[in-house]
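Structure data follow from start_3.cif (mmCIF, C-alpha atoms and all ligand atoms):
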data_upload
loop_
_atom_site.label_atom_id
_atom_site.label_comp_id
_atom_site.auth_asym_id
_atom_site.auth_seq_id
_atom_site.Cartn_x
_atom_site.Cartn_y
_atom_site.Cartn_z
CA MET A 18 0.00 0.00 0.00
CA CYS A 19 1.20 3.51 -0.70
CA VAL A 20 -0.25 6.48 1.18
CA VAL A 21 0.49 9.75 -0.60
CA GLY A 22 0.93 12.85 1.54
CA SER A 23 2.78 14.09 4.58
CA GLY A 24 0.26 15.28 7.15
CA GLY A 25 -1.67 14.00 10.15
CA ARG A 26 -4.47 12.72 7.93
CA GLU A 27 -2.03 10.56 6.00
CA HIS A 28 -0.51 9.31 9.26
CA ALA A 29 -3.97 8.22 10.42
CA ILE A 30 -4.73 6.52 7.09
CA ALA A 31 -1.36 4.75 7.07
CA ALA A 32 -1.89 3.55 10.65
CA ALA A 33 -5.29 2.06 9.75
CA LEU A 34 -4.01 0.31 6.62
CA SER A 35 -0.93 -1.03 8.41
CA ILE A 36 -3.09 -3.25 10.63
CA SER A 37 -3.15 -5.76 7.78
CA ASN A 38 -0.59 -4.52 5.20
CA GLU A 39 2.87 -3.23 4.55
CA VAL A 40 2.49 0.52 4.09
CA VAL A 41 4.89 3.02 2.56
CA VAL A 42 4.28 6.75 2.80
CA ALA A 43 5.20 9.10 -0.03
CA PRO A 44 6.77 11.30 1.14
CA GLY A 45 5.42 11.08 4.73
CA ASN A 46 7.22 12.90 7.54
CA PRO A 47 9.81 11.88 10.15
CA GLY A 48 7.12 11.65 12.85
CA MET A 49 5.49 8.70 11.05
CA GLU A 50 7.39 6.10 12.97
CA GLY A 51 7.38 2.56 11.70
CA PHE A 52 6.58 3.43 8.09
CA GLU A 53 8.96 3.30 5.18
CA ARG A 54 9.18 6.79 3.71
CA VAL A 55 9.89 7.22 0.03
CA SER A 56 10.82 10.44 -1.69
CA ALA A 57 10.34 9.09 -5.24
CA PRO A 58 7.27 10.30 -7.17
CA PRO A 59 4.35 8.14 -5.95
CA GLU A 60 3.67 6.78 -9.45
CA ARG A 61 7.11 5.13 -9.38
CA VAL A 62 6.46 3.32 -6.09
CA GLU A 63 5.55 -0.39 -6.25
CA ALA A 64 2.19 -0.90 -4.56
CA ASP A 65 -1.09 -2.77 -4.97
CA LEU A 66 -3.17 0.21 -3.81
CA TRP A 67 -2.46 3.94 -3.66
CA VAL A 68 -4.45 6.16 -1.29
CA ILE A 69 -3.96 9.83 -2.11
CA GLY A 70 -4.48 12.06 0.93
CA PRO A 71 -4.31 15.75 -0.09
CA GLU A 72 -6.27 17.65 -2.72
CA ALA A 73 -3.37 19.24 -4.60
CA PRO A 74 -1.98 16.05 -6.21
CA LEU A 75 -5.53 14.93 -7.02
CA VAL A 76 -6.30 18.22 -8.76
CA GLU A 77 -3.12 18.00 -10.79
CA GLY A 78 -3.84 14.46 -11.98
CA LEU A 79 -1.73 12.08 -9.90
CA ALA A 80 -4.53 9.48 -9.78
CA ASP A 81 -4.79 9.57 -13.59
CA ARG A 82 -1.05 9.02 -13.99
CA ILE A 83 -1.04 6.02 -11.66
CA ARG A 84 -4.14 4.54 -13.33
CA ALA A 85 -2.51 4.98 -16.74
CA ARG A 86 0.21 2.62 -15.49
CA GLY A 87 -2.38 0.07 -14.39
CA GLY A 88 -2.31 0.98 -10.67
CA LEU A 89 -5.33 0.73 -8.35
CA VAL A 90 -6.01 4.16 -6.82
CA PHE A 91 -8.32 5.46 -4.12
CA GLY A 92 -8.75 9.09 -5.16
CA PRO A 93 -10.51 10.81 -8.07
CA GLY A 94 -8.86 11.83 -11.33
CA ALA A 95 -8.30 15.46 -12.22
CA ASP A 96 -11.79 15.60 -13.76
CA GLY A 97 -13.56 14.71 -10.50
CA ALA A 98 -11.10 16.68 -8.37
CA ARG A 99 -12.32 19.88 -10.05
CA LEU A 100 -15.10 19.71 -7.49
CA GLU A 101 -12.57 21.01 -4.98
CA GLY A 102 -10.17 22.70 -7.42
CA SER A 103 -12.80 25.18 -8.58
CA LYS A 104 -15.61 26.30 -6.29
CA VAL A 105 -17.32 27.94 -9.26
CA TRP A 106 -17.37 24.65 -11.17
CA MET A 107 -18.62 22.88 -8.03
CA LYS A 108 -21.43 25.38 -7.51
CA GLU A 109 -22.58 25.05 -11.13
CA LEU A 110 -22.64 21.26 -10.78
CA LEU A 111 -24.62 21.48 -7.53
CA VAL A 112 -27.17 23.89 -8.94
CA GLY A 113 -27.63 21.59 -11.97
CA ALA A 114 -28.08 18.58 -9.67
CA ARG A 115 -30.49 20.49 -7.40
CA VAL A 116 -28.25 20.04 -4.37
CA PRO A 117 -29.14 22.68 -1.75
CA THR A 118 -26.30 25.17 -1.34
CA ALA A 119 -25.78 28.81 -0.37
CA GLY A 120 -26.64 31.36 -3.10
CA TYR A 121 -23.59 32.99 -4.71
CA GLN A 122 -22.19 35.42 -7.25
CA VAL A 123 -18.83 35.20 -9.03
CA PHE A 124 -16.49 38.19 -9.42
CA GLU A 125 -13.20 38.88 -11.14
CA GLU A 126 -13.24 42.69 -10.92
CA VAL A 127 -12.78 44.56 -7.64
CA ASP A 128 -15.22 47.33 -8.63
CA HIS A 129 -18.03 44.92 -9.41
CA ALA A 130 -17.43 42.99 -6.22
CA LEU A 131 -17.43 46.17 -4.11
CA GLN A 132 -20.63 47.33 -5.75
CA TYR A 133 -22.21 44.02 -4.80
CA LEU A 134 -20.99 44.31 -1.19
CA ARG A 135 -22.53 47.77 -0.93
CA ALA A 136 -25.83 46.44 -2.21
CA THR A 137 -25.99 43.50 0.21
CA ALA A 138 -26.14 43.23 3.98
CA ASP A 139 -23.42 41.80 6.19
CA PRO A 140 -22.06 39.29 7.07
CA TRP A 141 -20.22 38.72 3.81
CA VAL A 142 -18.71 35.39 2.84
CA ILE A 143 -15.84 35.70 0.36
CA LYS A 144 -14.19 32.58 -1.08
CA THR A 145 -11.38 31.97 -3.53
CA ASP A 146 -12.37 29.89 -6.54
CA GLY A 147 -9.19 27.79 -6.39
CA LEU A 148 -7.33 25.86 -3.71
CA ALA A 149 -6.23 27.80 -0.63
CA GLY A 150 -5.52 25.14 1.99
CA GLY A 151 -8.79 25.84 3.83
CA LYS A 152 -7.70 29.45 4.38
CA GLY A 153 -9.39 31.09 1.38
CA VAL A 154 -12.70 31.83 3.11
CA LEU A 155 -13.46 35.08 4.93
CA VAL A 156 -16.68 35.54 6.87
CA THR A 157 -16.95 39.11 8.15
CA ASP A 158 -19.35 41.88 9.08
CA SER A 159 -16.70 44.55 8.55
CA PHE A 160 -16.94 46.25 5.16
CA ARG A 161 -13.33 47.39 5.41
CA GLU A 162 -12.10 43.89 6.09
CA ALA A 163 -14.18 42.53 3.21
CA GLU A 164 -12.77 45.19 0.88
CA ARG A 165 -9.19 44.48 1.95
CA ASP A 166 -9.76 40.75 1.47
CA LEU A 167 -11.29 41.21 -1.98
CA ARG A 168 -8.41 43.36 -3.13
CA ALA A 169 -5.81 40.92 -1.79
CA LYS A 170 -7.54 37.94 -3.40
CA LEU A 171 -8.44 39.41 -6.78
CA SER A 172 -4.99 40.94 -7.31
CA GLY A 173 -3.39 37.52 -6.80
CA ARG A 174 -1.47 38.85 -3.79
CA ALA A 175 -3.11 36.58 -1.24
CA PHE A 176 -3.53 33.24 -3.02
CA GLY A 177 -1.98 33.65 -6.47
CA ASP A 178 -4.18 32.59 -9.36
CA ALA A 179 -6.48 30.66 -6.99
CA GLY A 180 -7.87 33.99 -5.77
CA ARG A 181 -8.24 35.88 -9.06
CA LYS A 182 -11.83 34.71 -9.18
CA VAL A 183 -13.95 34.88 -6.01
CA LEU A 184 -17.41 33.87 -4.91
CA ILE A 185 -19.45 36.00 -2.57
CA GLU A 186 -21.95 33.72 -0.90
CA GLU A 187 -25.15 34.08 1.02
CA ALA A 188 -24.22 33.79 4.72
CA LEU A 189 -25.78 30.85 6.50
CA SER A 190 -25.88 29.99 10.16
CA GLY A 191 -26.42 26.71 11.97
CA GLU A 192 -24.47 23.64 13.04
CA GLU A 193 -21.74 22.47 10.68
CA LEU A 194 -21.14 18.85 9.92
CA SER A 195 -18.65 16.86 7.85
CA VAL A 196 -20.02 13.79 6.11
CA ILE A 197 -17.53 11.83 4.06
CA ALA A 198 -18.50 8.98 1.77
CA VAL A 199 -16.38 6.41 -0.01
CA CYS A 200 -17.41 6.20 -3.67
CA ASP A 201 -16.73 3.68 -6.42
CA GLY A 202 -17.95 5.74 -9.35
CA ARG A 203 -21.66 4.89 -8.96
CA ARG A 204 -22.19 3.79 -5.37
CA ALA A 205 -21.34 5.59 -2.14
CA TYR A 206 -21.30 4.60 1.52
CA PRO A 207 -20.98 7.15 4.33
CA LEU A 208 -18.46 7.12 7.15
CA ALA A 209 -19.60 8.24 10.59
CA ALA A 210 -20.27 11.98 10.83
CA ALA A 211 -17.62 14.26 12.31
CA GLN A 212 -17.50 17.86 13.37
CA ASP A 213 -14.52 20.07 12.64
CA TYR A 214 -13.43 23.36 14.26
CA LYS A 215 -12.32 25.67 11.46
CA ARG A 216 -11.58 28.86 13.39
CA LEU A 217 -8.27 29.36 15.13
CA GLU A 218 -9.54 30.44 18.53
CA ASP A 219 -11.92 29.27 21.25
CA GLY A 220 -15.58 30.03 20.74
CA GLY A 221 -15.20 29.99 16.96
CA THR A 222 -13.30 33.27 16.71
CA GLY A 223 -10.15 34.23 14.80
CA PRO A 224 -9.30 33.36 11.21
CA ASN A 225 -10.35 30.24 9.33
CA THR A 226 -7.74 27.49 9.37
CA GLY A 227 -7.39 24.04 7.85
CA GLY A 228 -9.04 22.73 11.06
CA MET A 229 -8.04 23.00 14.74
CA GLY A 230 -9.76 19.88 16.03
CA ALA A 231 -12.54 17.41 15.40
CA TYR A 232 -14.67 14.80 17.07
CA SER A 233 -16.84 11.85 16.18
CA PRO A 234 -19.54 10.59 16.68
CA VAL A 235 -21.67 13.74 16.53
CA PRO A 236 -24.60 13.46 18.96
CA PHE A 237 -26.95 15.60 16.86
CA ALA A 238 -26.13 13.77 13.63
CA GLY A 239 -27.55 10.29 13.81
CA GLU A 240 -28.25 7.96 10.91
CA ASP A 241 -31.20 10.08 9.79
CA VAL A 242 -29.06 13.21 9.36
CA VAL A 243 -26.27 11.29 7.62
CA GLY A 244 -28.89 9.61 5.40
CA ASP A 245 -30.26 13.03 4.50
CA VAL A 246 -26.80 14.29 3.52
CA MET A 247 -26.35 11.18 1.36
CA GLU A 248 -29.73 11.52 -0.35
CA ARG A 249 -29.71 15.26 -0.89
CA ALA A 250 -26.03 16.08 -1.36
CA ILE A 251 -23.60 13.23 -1.93
CA LEU A 252 -25.55 10.84 -4.16
CA PRO A 253 -26.97 13.52 -6.50
CA THR A 254 -23.46 14.97 -6.84
CA LEU A 255 -21.91 11.58 -7.57
CA HIS A 256 -24.62 10.90 -10.16
CA ALA A 257 -24.15 14.32 -11.76
CA LEU A 258 -20.44 13.53 -12.09
CA TYR A 259 -21.24 10.12 -13.57
CA LYS A 260 -23.56 11.69 -16.12
CA ARG A 261 -20.69 13.90 -17.22
CA GLY A 262 -18.59 10.81 -17.77
CA ILE A 263 -16.59 11.22 -14.55
CA ASP A 264 -15.85 7.92 -12.80
CA TYR A 265 -15.34 9.23 -9.27
CA ARG A 266 -13.51 6.70 -7.09
CA GLY A 267 -12.39 8.06 -3.77
CA ALA A 268 -13.61 10.03 -0.75
CA LEU A 269 -16.29 12.64 -1.31
CA TYR A 270 -16.56 15.04 1.60
CA ALA A 271 -19.63 17.20 2.05
CA GLY A 272 -19.22 20.10 4.46
CA VAL A 273 -22.82 20.98 5.31
CA MET A 274 -24.64 23.52 7.41
CA LEU A 275 -27.76 22.36 9.19
CA ALA A 276 -29.40 25.72 8.68
CA GLU A 277 -32.82 26.80 9.91
CA GLU A 278 -34.19 26.43 6.40
CA GLY A 279 -32.71 22.93 6.10
CA LEU A 280 -29.50 21.30 5.02
CA LYS A 281 -27.14 23.29 2.75
CA VAL A 282 -23.80 22.30 1.29
CA LEU A 283 -20.97 24.72 2.14
CA GLU A 284 -18.23 22.87 0.31
CA PHE A 285 -17.23 19.63 -1.32
CA ASN A 286 -13.76 18.19 -0.87
CA VAL A 287 -12.39 15.32 -2.90
CA ARG A 288 -10.53 13.58 -0.06
CA PHE A 289 -10.82 12.70 3.60
CA GLY A 290 -10.96 15.70 5.91
CA ASP A 291 -7.99 16.80 7.96
CA PRO A 292 -8.44 16.53 10.97
CA GLU A 293 -11.67 14.56 10.46
CA ALA A 294 -9.68 11.53 9.25
CA GLN A 295 -7.79 11.53 12.54
CA VAL A 296 -11.03 10.84 14.46
CA LEU A 297 -12.64 8.59 11.84
CA PHE A 298 -9.90 6.07 11.10
CA PRO A 299 -9.37 5.04 14.75
CA ARG A 300 -13.15 4.37 14.97
CA TRP A 301 -13.34 2.45 11.68
CA SER A 302 -13.93 -1.11 12.84
CA GLY A 303 -14.13 -3.08 9.60
CA ASP A 304 -11.47 -3.95 7.06
CA VAL A 305 -10.43 -0.49 5.88
CA THR A 306 -8.17 -1.80 3.14
CA ALA A 307 -10.92 -3.98 1.67
CA THR A 308 -13.31 -1.02 1.53
CA LEU A 309 -10.84 1.38 -0.07
CA ALA A 310 -9.70 -1.27 -2.56
CA ALA A 311 -13.33 -2.05 -3.48
CA ALA A 312 -14.02 1.65 -4.04
CA ALA A 313 -10.88 1.95 -6.14
CA SER A 314 -11.89 -1.02 -8.28
CA GLY A 315 -15.54 0.01 -8.73
CA SER A 316 -16.96 -2.83 -6.64
CA LEU A 317 -18.32 -1.41 -3.40
CA SER A 318 -21.19 -3.41 -1.89
CA ASP A 319 -23.00 -3.88 1.41
CA HIS A 320 -20.43 -6.57 2.05
CA ASN A 321 -17.52 -4.10 2.29
CA ALA A 322 -19.39 -1.02 3.53
CA PRO A 323 -17.56 0.90 6.28
CA ASN A 324 -18.43 0.14 9.90
CA PHE A 325 -17.69 2.20 12.98
CA SER A 326 -17.25 1.31 16.62
CA SER A 327 -19.40 3.05 19.20
CA ASP A 328 -16.26 4.52 20.78
CA ALA A 329 -15.70 8.24 20.59
CA ALA A 330 -12.63 10.09 19.32
CA VAL A 331 -11.59 13.69 19.93
CA CYS A 332 -8.69 15.33 18.10
CA VAL A 333 -6.87 18.42 19.32
CA VAL A 334 -4.55 20.06 16.80
CA LEU A 335 -1.30 21.52 18.16
CA ALA A 336 -0.19 24.33 15.88
CA ALA A 337 2.80 26.63 15.54
CA PRO A 338 2.55 30.25 16.69
CA GLY A 339 1.58 32.50 13.78
CA TYR A 340 -0.58 29.82 12.13
CA PRO A 341 -2.40 30.21 9.73
CA GLU A 342 -0.84 33.41 8.35
CA LYS A 343 2.84 32.87 9.03
CA PRO A 344 3.77 29.92 11.22
CA GLU A 345 7.04 30.21 13.13
CA THR A 346 8.85 26.92 12.91
CA GLY A 347 12.11 25.24 13.93
CA GLU A 348 11.25 24.73 17.63
CA ARG A 349 12.19 21.49 19.39
CA ILE A 350 9.14 19.39 20.35
CA GLU A 351 9.29 18.19 23.97
CA GLY A 352 7.34 15.39 25.62
CA LEU A 353 6.39 13.45 22.51
CA GLY A 354 7.83 10.17 23.78
CA ASP A 355 5.52 10.23 26.84
CA ALA A 356 2.52 11.19 24.72
CA LEU A 357 3.12 8.33 22.29
CA ALA A 358 3.14 5.85 25.18
CA VAL A 359 -0.49 6.52 26.23
CA ALA A 360 -2.53 3.50 25.19
CA ASP A 361 -5.88 5.17 24.50
CA ALA A 362 -4.38 8.07 22.58
CA ARG A 363 -2.91 8.48 19.10
CA VAL A 364 -0.47 11.19 18.13
CA TYR A 365 -0.35 11.85 14.41
CA ALA A 366 2.51 13.90 13.06
CA ALA A 367 1.98 16.65 10.49
CA GLY A 368 4.31 19.66 10.24
CA VAL A 369 7.47 18.15 11.72
CA GLU A 370 11.00 17.47 10.62
CA ALA A 371 14.05 15.87 12.15
CA GLU A 372 16.19 18.19 14.21
CA PRO A 373 19.22 19.15 12.14
CA GLY A 374 22.09 16.87 13.08
CA ALA A 375 19.85 14.45 15.02
CA ASP A 376 20.43 10.71 14.81
CA PRO A 377 17.87 9.61 12.19
CA GLY A 378 17.65 6.21 13.86
CA ALA A 379 16.54 7.66 17.22
CA ASP A 380 13.06 6.51 18.25
CA SER A 381 10.13 7.92 20.23
CA GLY A 382 10.15 11.14 18.27
CA ALA A 383 12.71 12.65 20.63
CA HIS A 384 14.38 14.71 17.95
CA LEU A 385 11.58 16.37 16.05
CA VAL A 386 11.22 20.08 15.44
CA THR A 387 8.21 22.05 14.24
CA ALA A 388 8.15 22.55 10.49
CA GLY A 389 4.63 23.61 9.52
CA GLY A 390 1.45 25.30 10.68
CA ARG A 391 -0.38 22.30 12.07
CA VAL A 392 2.32 20.31 13.82
CA LEU A 393 0.74 17.40 15.74
CA ASP A 394 -2.74 15.96 16.09
CA VAL A 395 -3.50 14.40 19.45
CA VAL A 396 -6.46 12.02 19.44
CA GLY A 397 -8.10 10.72 22.60
CA LEU A 398 -10.26 7.60 22.46
CA GLY A 399 -12.87 6.50 24.95
CA PRO A 400 -16.33 5.04 25.43
CA ASP A 401 -17.89 8.50 25.16
CA LEU A 402 -16.93 12.00 24.04
CA GLU A 403 -16.27 13.23 27.55
CA SER A 404 -13.69 10.57 28.30
CA ALA A 405 -12.13 10.82 24.83
CA ARG A 406 -11.87 14.58 25.31
CA GLY A 407 -10.24 14.10 28.72
CA VAL A 408 -7.60 11.81 27.20
CA ALA A 409 -6.94 14.14 24.26
CA TYR A 410 -6.33 17.17 26.49
CA ARG A 411 -4.30 15.21 29.05
CA VAL A 412 -1.98 13.96 26.30
CA ALA A 413 -1.87 17.33 24.52
CA GLY A 414 -0.69 18.76 27.83
CA MET A 415 2.33 16.45 27.80
CA VAL A 416 3.68 18.00 24.60
CA SER A 417 5.17 21.46 24.29
CA TRP A 418 7.27 23.90 22.32
CA PRO A 419 7.58 27.67 22.63
CA GLY A 420 4.40 29.41 21.55
CA MET A 421 2.41 26.21 20.86
CA VAL A 422 -1.19 27.04 19.89
CA SER A 423 -4.33 24.97 20.42
CA ARG A 424 -8.02 25.43 21.13
CA SER A 425 -9.30 24.44 24.56
CA ASP A 426 -12.92 23.91 23.54
CA ILE A 427 -12.80 20.97 21.12
CA ALA A 428 -15.89 18.81 21.78
CA ALA A 429 -16.52 20.87 24.92
CA SER A 430 -20.12 21.82 24.32
CA VAL A 431 -21.16 18.34 23.22
CA SER A 432 -19.47 16.10 25.78
P1 LIG A 501 -15.46 26.23 3.25
O1 LIG A 501 -13.98 25.97 3.09
O2 LIG A 501 -16.13 26.65 2.01
O3 LIG A 501 -16.17 25.13 3.99
O4 LIG A 501 -15.54 27.41 4.30
C1 LIG A 501 -14.82 27.42 5.52
C2 LIG A 501 -15.72 27.81 6.66
O5 LIG A 501 -16.27 29.12 6.43
C3 LIG A 501 -16.90 26.89 6.85
O6 LIG A 501 -16.59 25.78 7.60
C4 LIG A 501 -17.87 27.83 7.56
O7 LIG A 501 -17.58 27.92 8.92
C5 LIG A 501 -17.59 29.14 6.91
N1 LIG A 501 -18.52 29.34 5.78
C6 LIG A 501 -18.34 28.93 4.51
N2 LIG A 501 -19.40 29.25 3.75
C7 LIG A 501 -20.26 29.89 4.54
C8 LIG A 501 -21.55 30.48 4.34
N3 LIG A 501 -22.13 30.49 3.13
N4 LIG A 501 -22.16 31.04 5.40
C9 LIG A 501 -21.57 31.06 6.62
N5 LIG A 501 -20.36 30.52 6.88
C10 LIG A 501 -19.70 29.95 5.86
N1 LIG A 502 -11.13 19.92 7.97
C1 LIG A 502 -11.55 20.51 6.76
C2 LIG A 502 -10.96 19.96 5.56
O1 LIG A 502 -10.32 18.94 5.56
O2 LIG A 502 -11.13 20.58 4.51
#
With the file now loaded, output its structure as structure tokens.
Ligand code: AMP
Ligand code: GLY
Amino acid sequence: MCVVGSGGREHAIAAALSISNEVVVAPGNPGMEGFERVSAPPERVEADLWVIGPEAPLVEGLADRIRARGGLVFGPGADGARLEGSKVWMKELLVGARVPTAGYQVFEEVDHALQYLRATADPWVIKTDGLAGGKGVLVTDSFREAERDLRAKLSGRAFGDAGRKVLIEEALSGEELSVIAVCDGRRAYPLAAAQDYKRLEDGGTGPNTGGMGAYSPVPFAGEDVVGDVMERAILPTLHALYKRGIDYRGALYAGVMLAEEGLKVLEFNVRFGDPEAQVLFPRWSGDVTATLAAAASGSLSDHNAPNFSSDAAVCVVLAAPGYPEKPETGERIEGLGDALAVADARVYAAGVEAEPGADPGADSGAHLVTAGGRVLDVVGLGPDLESARGVAYRVAGMVSWPGMVSRSDIAASVS
């Protein structure tokens, strides 16, 4: 098996697959202990299944290149990955498929966008069309902030070409939910629901990030809610792709708002969520490899549908100071060895690298330094959310580096 990527999500996927297989990670990171790391392009790695973690290689066609060589891949081709690579394309597909989603307008000119802002009431929701690592969305009730954001995006200053086209969306409010399904082109089966914390600070304040924590199961999202997301969002989208000749094999992630007026899709991603994967894979009780391989080969059935344990998982992301704008890195990570030894916790490594000059053979992560925005993901497991949350925060408290950032309210209001 080859897991493509280098973050905490890929660490969680690799850990789940390694229960029954040899797993290599491409390129992985030095905190992924016990896995062979390869720096060669993933299409050159020998494997019987590739699982592609992040969106960027999917959007630029890695799955197509591996399939062209006869490889079995869990992850859509560039055609299907457009769903995440262009929010405008995604919105047009959703409207055509009658999937409920927030109303929107597309702008490429600052003047037109400002005119629209003046004519509409706050809060304003401004999104880049292209990929922005989860950081391309601004929700604000300040006109000045909205104007600054529009200028930075449309000029290419903030997100390069990804921001030269923006969407201004109708603002929705309600509970957010992540529902991810595994798809084999025509059929889809949902994983358990998860909830993600996108804002940097407690209480849902501060800038949007890639995700500061997650938990699963979600008490207010039982089978009926997940079934509704499947019927109204995921299946119509998969079928709309199929009708366009797109054979979508991989994870399809619907970020939905349970708004007063009903369910609305906020975004589609073409991969597992990060950090949702970190709480879903430890709860996945069936044969993960068999399910992903069946999806990749177009043969999903009730027989290999995903199953989840009743245990709860809570993930707390430990980030570098300055994240998401400008993370300060290069700090030595202390306490990781103790954290890794806790039986009902998992510590997935994301933005880490080996300390310069450290013995590469040293174990227990003793010589890792921070090297990215989101550095480590600490997952607590337990029979219910409250105990899982207790474990996650106890173990997060064992780890430190100067300026470490985390939220203290992950799963707090639900457990
Ligand atoms: P997205 O990457 O599109 O999911 O947006 C990131 C976050 O911005 C979401 O998780 C929401 O918290 C918020 N958001 C996105 N779209 C809207 C909207 N139309 N109304 C209110 N909040 C939104
Ligand atoms: N946690 C949100 C995402 O993966 O896009």
query: Quick one: residues within 7 Å of ligand LIG 502 (chain A), with only C-alpha atoms and all ligand atoms, as a PyMOL selection string?
result: chain A and resi 151+213+215+227-228+286+289-293
- line: With distances taken over only C-alpha atoms, the candidate from A:Ala64, A:Ile263, A:Leu34, A:Ile143 nearest A:Ala163 is A:Ile143
Protein and nucleic residues near ligand LIG 501 (chain A), 9 Å, all atoms listed in the file, as a compact mmCIF listing (two decimals) with C-alpha atoms, in the frame of the given file:
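The file below, part33.txt, is the result:
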# COMPACT_ATOMS: atom_id res chain seq x y z
CA LYS A 104 -15.61 26.30 -6.29
CA THR A 118 -26.30 25.17 -1.34
CA ALA A 119 -25.78 28.81 -0.37
CA GLY A 120 -26.64 31.36 -3.10
CA TYR A 121 -23.59 32.99 -4.71
CA PRO A 140 -22.06 39.29 7.07
CA TRP A 141 -20.22 38.72 3.81
CA VAL A 142 -18.71 35.39 2.84
CA ILE A 143 -15.84 35.70 0.36
CA LYS A 144 -14.19 32.58 -1.08
CA ALA A 149 -6.23 27.80 -0.63
CA GLY A 150 -5.52 25.14 1.99
CA GLY A 151 -8.79 25.84 3.83
CA LYS A 152 -7.70 29.45 4.38
CA GLY A 153 -9.39 31.09 1.38
CA VAL A 154 -12.70 31.83 3.11
CA LEU A 155 -13.46 35.08 4.93
CA VAL A 156 -16.68 35.54 6.87
CA ILE A 185 -19.45 36.00 -2.57
CA GLU A 186 -21.95 33.72 -0.90
CA GLU A 187 -25.15 34.08 1.02
CA ALA A 188 -24.22 33.79 4.72
CA LEU A 189 -25.78 30.85 6.50
CA SER A 190 -25.88 29.99 10.16
CA GLY A 191 -26.42 26.71 11.97
CA GLU A 193 -21.74 22.47 10.68
CA LEU A 194 -21.14 18.85 9.92
CA ASP A 213 -14.52 20.07 12.64
CA TYR A 214 -13.43 23.36 14.26
CA LYS A 215 -12.32 25.67 11.46
CA ARG A 216 -11.58 28.86 13.39
CA GLY A 221 -15.20 29.99 16.96
CA ASN A 225 -10.35 30.24 9.33
CA THR A 226 -7.74 27.49 9.37
CA GLY A 227 -7.39 24.04 7.85
CA GLY A 228 -9.04 22.73 11.06
CA ALA A 271 -19.63 17.20 2.05
CA GLY A 272 -19.22 20.10 4.46
CA VAL A 273 -22.82 20.98 5.31
CA MET A 274 -24.64 23.52 7.41
CA LYS A 281 -27.14 23.29 2.75
CA VAL A 282 -23.80 22.30 1.29
CA LEU A 283 -20.97 24.72 2.14
CA GLU A 284 -18.23 22.87 0.31
CA PHE A 285 -17.23 19.63 -1.32
CA ASN A 286 -13.76 18.19 -0.87
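Take atom CA of A:Asp241 and atom CA of A:Leu110: the distance between them is 24.9 Å.
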message: as a VMD selection string, please: the residues near A:Ile69 (cut-off 9 Å, all atoms listed in the file, same-chain neighbours under 4 positions excluded).
response: chain A and resid 19 to 22 27 74 to 75 79 to 80 90 to 93 267 288
task: Name the closest residue to A:Ile350 among the candidates A:Met421, A:Met18, A:Leu317, A:Ala322; distances are taken between atoms, counting all atoms listed in the file.
output: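 Distance minimum relative to A:Ile350 lands on A:Met421.
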field: Two-atom distance - atom CA of A:Ser302, atom CA of A:Pro323 (Å)
entry: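 One can read the atom CA of A:Ser302 to atom CA of A:Pro323 distance as 7.8 Å.
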message: Calculated over all atoms listed in the file, which of the candidates A:Ala95, A:Pro419, A:Glu372, A:Lys260 has the smallest distance to A:Asp81?
response: A:Ala95
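Take the candidates A:Ser327, A:Gly239, A:Leu171, A:Ala388 and check each one against A:Phe124 using only C-alpha atoms; the shortest distance goes to A:Leu171.
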- line: Across A:Val105, A:Gly25, A:Ser56, A:Gly389, the smallest distance to A:Val364, with only C-alpha atoms counted, is shown by A:Gly25
